[in-house]
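Structure file run.pdb (PDB, C-alpha atoms) is printed below.
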```pdb
MODEL        1
ATOM      1  CA  MET A   1       0.000   0.000   0.000
ATOM      2  CA  ASN A   2       1.129   3.481  -0.722
ATOM      3  CA  PHE A   3       0.247   5.618   2.296
ATOM      4  CA  ASP A   4       1.558   8.839   0.718
ATOM      5  CA  ASN A   5      -1.304   8.829  -1.759
ATOM      6  CA  THR A   6      -4.116  11.218  -0.783
ATOM      7  CA  GLU A   7      -6.697   9.188  -2.683
ATOM      8  CA  THR A   8      -9.171   6.937  -0.902
ATOM      9  CA  GLN A   9      -7.583   5.183   2.050
ATOM     10  CA  MET A  10      -9.145   2.314   3.944
ATOM     11  CA  THR A  11      -9.156   2.608   7.722
ATOM     12  CA  LEU A  12      -8.864  -0.730   9.501
ATOM     13  CA  LYS A  13      -9.655  -1.396  13.155
ATOM     14  CA  LEU A  14      -8.915  -4.347  15.407
ATOM     15  CA  THR A  15     -11.799  -6.367  16.811
ATOM     16  CA  ASN A  16     -11.876  -7.323  20.474
ATOM     17  CA  GLN A  17     -10.755 -10.794  19.360
ATOM     18  CA  ALA A  18      -7.695  -9.334  17.612
ATOM     19  CA  LEU A  19      -6.851  -7.191  20.639
ATOM     20  CA  GLY A  20      -7.132 -10.310  22.794
ATOM     21  CA  ALA A  21      -4.712 -12.117  20.476
ATOM     22  CA  VAL A  22      -2.217  -9.246  20.820
ATOM     23  CA  MET A  23      -2.593  -9.343  24.604
ATOM     24  CA  MET A  24      -2.053 -13.113  24.677
ATOM     25  CA  ALA A  25       1.077 -12.703  22.565
ATOM     26  CA  LEU A  26       2.307  -9.990  24.930
ATOM     27  CA  GLN A  27       1.611 -12.162  27.969
ATOM     28  CA  GLU A  28       3.549 -15.087  26.481
ATOM     29  CA  SER A  29       6.415 -12.792  25.564
ATOM     30  CA  LEU A  30       6.657 -11.236  29.017
ATOM     31  CA  LEU A  31       6.190 -14.430  31.011
ATOM     32  CA  ASN A  32       8.803 -16.311  29.015
ATOM     33  CA  GLU A  33      11.111 -13.362  28.313
ATOM     34  CA  ILE A  34      11.062 -13.901  24.571
ATOM     35  CA  ASP A  35      10.647 -11.648  21.558
ATOM     36  CA  ILE A  36       7.036 -10.856  20.615
ATOM     37  CA  VAL A  37       7.864  -9.879  17.025
ATOM     38  CA  PRO A  38       7.805 -13.412  15.505
ATOM     39  CA  ILE A  39       4.378 -14.012  17.043
ATOM     40  CA  LEU A  40       2.928 -10.763  15.712
ATOM     41  CA  ARG A  41       4.488 -11.275  12.272
ATOM     42  CA  GLY A  42       2.855 -14.671  12.091
ATOM     43  CA  PHE A  43      -0.652 -13.333  12.667
ATOM     44  CA  GLU A  44      -3.024 -13.991   9.788
ATOM     45  CA  LEU A  45      -5.588 -11.201   9.639
ATOM     46  CA  VAL A  46      -9.000 -11.175   7.970
ATOM     47  CA  ASN A  47     -10.998  -8.003   7.479
ATOM     48  CA  THR A  48     -14.613  -8.485   8.597
ATOM     49  CA  GLU A  49     -17.508  -6.055   9.038
ATOM     50  CA  GLU A  50     -16.521  -5.698  12.711
ATOM     51  CA  GLY A  51     -12.809  -5.134  11.921
ATOM     52  CA  LEU A  52      -9.663  -7.216  11.694
ATOM     53  CA  VAL A  53      -9.764 -10.742  13.128
ATOM     54  CA  VAL A  54      -6.708 -12.928  13.849
ATOM     55  CA  THR A  55      -7.408 -16.357  12.359
ATOM     56  CA  ASN A  56      -4.469 -18.008  14.133
ATOM     57  CA  PRO A  57      -4.308 -16.485  17.637
ATOM     58  CA  PRO A  58      -1.657 -17.766  20.028
ATOM     59  CA  THR A  59      -2.616 -20.332  22.616
ATOM     60  CA  VAL A  60      -1.562 -20.268  26.233
ATOM     61  CA  ARG A  61      -0.529 -23.465  28.007
ATOM     62  CA  VAL A  62      -1.903 -23.813  31.496
ATOM     63  CA  SER A  63      -1.376 -27.494  32.251
ATOM     64  CA  SER A  64       2.362 -27.796  31.674
ATOM     65  CA  GLU A  65       5.068 -26.619  34.036
ATOM     66  CA  GLN A  66       7.581 -26.772  31.187
ATOM     67  CA  GLU A  67       8.913 -23.397  30.021
ATOM     68  CA  ILE A  68       7.700 -22.275  26.600
ATOM     69  CA  THR A  69      10.570 -21.868  24.165
ATOM     70  CA  GLU A  70      10.883 -19.493  21.244
ATOM     71  CA  GLN A  71      10.520 -22.521  18.955
ATOM     72  CA  ASP A  72       7.195 -23.336  20.635
ATOM     73  CA  LEU A  73       5.988 -19.822  19.815
ATOM     74  CA  LEU A  74       7.203 -20.053  16.235
ATOM     75  CA  ASN A  75       5.305 -23.334  15.908
ATOM     76  CA  MET A  76       2.130 -21.558  17.096
ATOM     77  CA  VAL A  77       2.145 -19.208  14.121
ATOM     78  CA  GLU A  78       3.079 -21.681  11.409
TER
ENDMDL
END
```

Could you quickly redo this structure as structure tokens?
Amino acid sequence: MNFDNTETQMTLKLTNQALGAVMMALQESLLNEIDIVPILRGFELVNTEEGLVVTNPPTVRVSSEQEITEQDLLNMVE
């Protein structure tokens, strides 16, 4: 997209679901002291009437005591 063009521009907004996906990615990043960028780059977004939706949001493990690795996070977005 060329954002310097003053012609018609589409404004996109995040849905609550997409914001939740960003927050989950942030939580994983902070809790495991890993980079959030690969998670965010891996997001697949779909524009709906309500706004952008993340079709592959990250999941959070709650049953395992094992530390989540950066490879685990990369696997989440593949």

Could you jot down the CA of Gly42 (chain A) to CA of Gly20 (chain A) separation for me, Å, one decimal place?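 Value for the CA of Gly42 (chain A)-CA of Gly20 (chain A) distance: 15.3 Å.
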
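Reported to one decimal place, the separation of CA of Thr59 (chain A) from CA of Leu40 (chain A) is 13.0 Å.
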
Each residue of region 16-43 of chain A with at least one atom at most 9 Å from region 63-72 of chain A should appear once, together with its nearest atom pair and the corresponding distance in Å (one decimal); atoms considered: only C-alpha atoms; ordering: chain, then increasing residue number; output as a Markdown table.
```
| residue | atom | partner | partner_atom | distance |
| --- | --- | --- | --- | --- |
| A:Glu28 | CA | A:Ile68 | CA | 8.3 |
| A:Asn32 | CA | A:Ile68 | CA | 6.5 |
| A:Ile34 | CA | A:Glu70 | CA | 6.5 |
| A:Asp35 | CA | A:Glu70 | CA | 7.9 |
| A:Pro38 | CA | A:Glu70 | CA | 8.9 |
```

Which residue out of A:Gln9, A:Val22, A:Leu30, A:Thr15 has the minimum interatomic distance to Glu49 (chain A) when all atoms listed in the file are used? A:Thr15

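Interatomic distance, CA of Gln27 (chain A) to CA of Leu12 (chain A): 24.1 Å.
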
Residue members of the PyMOL selection byres ((chain A and resi 56) around 12) in the file shown, as a list in words: Gln17, Ala18, Gly20, Ala21, Val22, Met24, Ala25, Ile39, Leu40, Arg41, Gly42, Phe43, Glu44, Leu45, Val46, Val53, Val54, Thr55, Pro57, Pro58, Thr59, Asn75, Met76, Val77 and Glu78 of chain A

Can you sort out the box for region 16-19 of chain A, edges along x, y and z, all listed atoms in, 5 Å on every side, with centre and edge lengths in Å to one decimal, as JSON?
```
{"center_x": -9.4, "center_y": -9.0, "center_z": 19.1, "size_x": 15.0, "size_y": 13.6, "size_z": 13.0}
```

Missing atoms in region 15-48 of chain A: can you complete it with N, CA and C atoms, as a compact mmCIF listing (two decimals), in the frame of the given file?
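Saved file rebuild_36.txt follows:
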```txt
# COMPACT_ATOMS: atom_id res chain seq x y z
N THR A 15 -10.66 -5.91 16.02
CA THR A 15 -11.80 -6.37 16.81
C THR A 15 -11.31 -6.68 18.22
N ASN A 16 -12.25 -6.90 19.12
CA ASN A 16 -11.88 -7.32 20.47
C ASN A 16 -11.11 -8.64 20.44
N GLN A 17 -11.46 -9.51 19.50
CA GLN A 17 -10.76 -10.79 19.36
C GLN A 17 -9.31 -10.55 18.98
N ALA A 18 -9.06 -9.63 18.04
CA ALA A 18 -7.70 -9.33 17.61
C ALA A 18 -6.89 -8.69 18.74
N LEU A 19 -7.53 -7.80 19.49
CA LEU A 19 -6.85 -7.19 20.64
C LEU A 19 -6.51 -8.25 21.68
N GLY A 20 -7.41 -9.21 21.87
CA GLY A 20 -7.13 -10.31 22.79
C GLY A 20 -5.95 -11.14 22.33
N ALA A 21 -5.85 -11.36 21.02
CA ALA A 21 -4.71 -12.12 20.48
C ALA A 21 -3.40 -11.38 20.71
N VAL A 22 -3.42 -10.05 20.55
CA VAL A 22 -2.22 -9.25 20.82
C VAL A 22 -1.85 -9.34 22.30
N MET A 23 -2.85 -9.27 23.16
CA MET A 23 -2.59 -9.34 24.60
C MET A 23 -2.05 -10.72 25.00
N MET A 24 -2.57 -11.77 24.39
CA MET A 24 -2.05 -13.11 24.68
C MET A 24 -0.61 -13.24 24.22
N ALA A 25 -0.30 -12.68 23.06
CA ALA A 25 1.08 -12.70 22.56
C ALA A 25 1.99 -11.93 23.51
N LEU A 26 1.52 -10.79 23.99
CA LEU A 26 2.31 -9.99 24.93
C LEU A 26 2.53 -10.75 26.24
N GLN A 27 1.49 -11.40 26.73
CA GLN A 27 1.61 -12.16 27.97
C GLN A 27 2.65 -13.27 27.82
N GLU A 28 2.58 -14.02 26.72
CA GLU A 28 3.55 -15.09 26.48
C GLU A 28 4.96 -14.53 26.41
N SER A 29 5.10 -13.41 25.72
CA SER A 29 6.42 -12.79 25.56
C SER A 29 7.00 -12.36 26.91
N LEU A 30 6.18 -11.73 27.73
CA LEU A 30 6.66 -11.24 29.02
C LEU A 30 6.93 -12.37 30.00
N LEU A 31 6.02 -13.33 30.06
CA LEU A 31 6.19 -14.43 31.01
C LEU A 31 7.41 -15.29 30.70
N ASN A 32 7.71 -15.44 29.42
CA ASN A 32 8.80 -16.31 29.02
C ASN A 32 10.03 -15.56 28.54
N GLU A 33 9.99 -14.22 28.67
CA GLU A 33 11.11 -13.36 28.31
C GLU A 33 11.63 -13.67 26.91
N ILE A 34 10.71 -13.67 25.97
CA ILE A 34 11.06 -13.90 24.57
C ILE A 34 10.51 -12.78 23.70
N ASP A 35 11.02 -12.70 22.49
CA ASP A 35 10.65 -11.65 21.56
C ASP A 35 9.22 -11.85 21.05
N ILE A 36 8.42 -10.79 21.07
CA ILE A 36 7.04 -10.86 20.62
C ILE A 36 6.92 -10.72 19.09
N VAL A 37 7.94 -10.18 18.46
CA VAL A 37 7.86 -9.88 17.02
C VAL A 37 7.53 -11.10 16.16
N PRO A 38 8.17 -12.26 16.35
CA PRO A 38 7.80 -13.41 15.50
C PRO A 38 6.34 -13.82 15.65
N ILE A 39 5.78 -13.66 16.83
CA ILE A 39 4.38 -14.01 17.04
C ILE A 39 3.48 -13.06 16.25
N LEU A 40 3.75 -11.76 16.40
CA LEU A 40 2.93 -10.76 15.71
C LEU A 40 3.06 -10.87 14.20
N ARG A 41 4.28 -11.12 13.72
CA ARG A 41 4.49 -11.28 12.27
C ARG A 41 3.73 -12.48 11.71
N GLY A 42 3.54 -13.47 12.54
CA GLY A 42 2.86 -14.67 12.09
C GLY A 42 1.34 -14.57 12.08
N PHE A 43 0.80 -13.49 12.64
CA PHE A 43 -0.65 -13.33 12.67
C PHE A 43 -1.21 -13.29 11.25
N GLU A 44 -2.28 -14.04 11.04
CA GLU A 44 -3.02 -13.99 9.79
C GLU A 44 -4.30 -13.22 10.07
N LEU A 45 -4.48 -12.10 9.38
CA LEU A 45 -5.59 -11.20 9.64
C LEU A 45 -6.62 -11.27 8.52
N VAL A 46 -7.89 -11.21 8.92
CA VAL A 46 -9.00 -11.18 7.97
C VAL A 46 -9.83 -9.95 8.30
N ASN A 47 -10.17 -9.18 7.27
CA ASN A 47 -11.00 -8.00 7.48
C ASN A 47 -12.47 -8.41 7.42
N THR A 48 -13.19 -8.17 8.53
CA THR A 48 -14.61 -8.48 8.60
C THR A 48 -15.38 -7.17 8.77
```
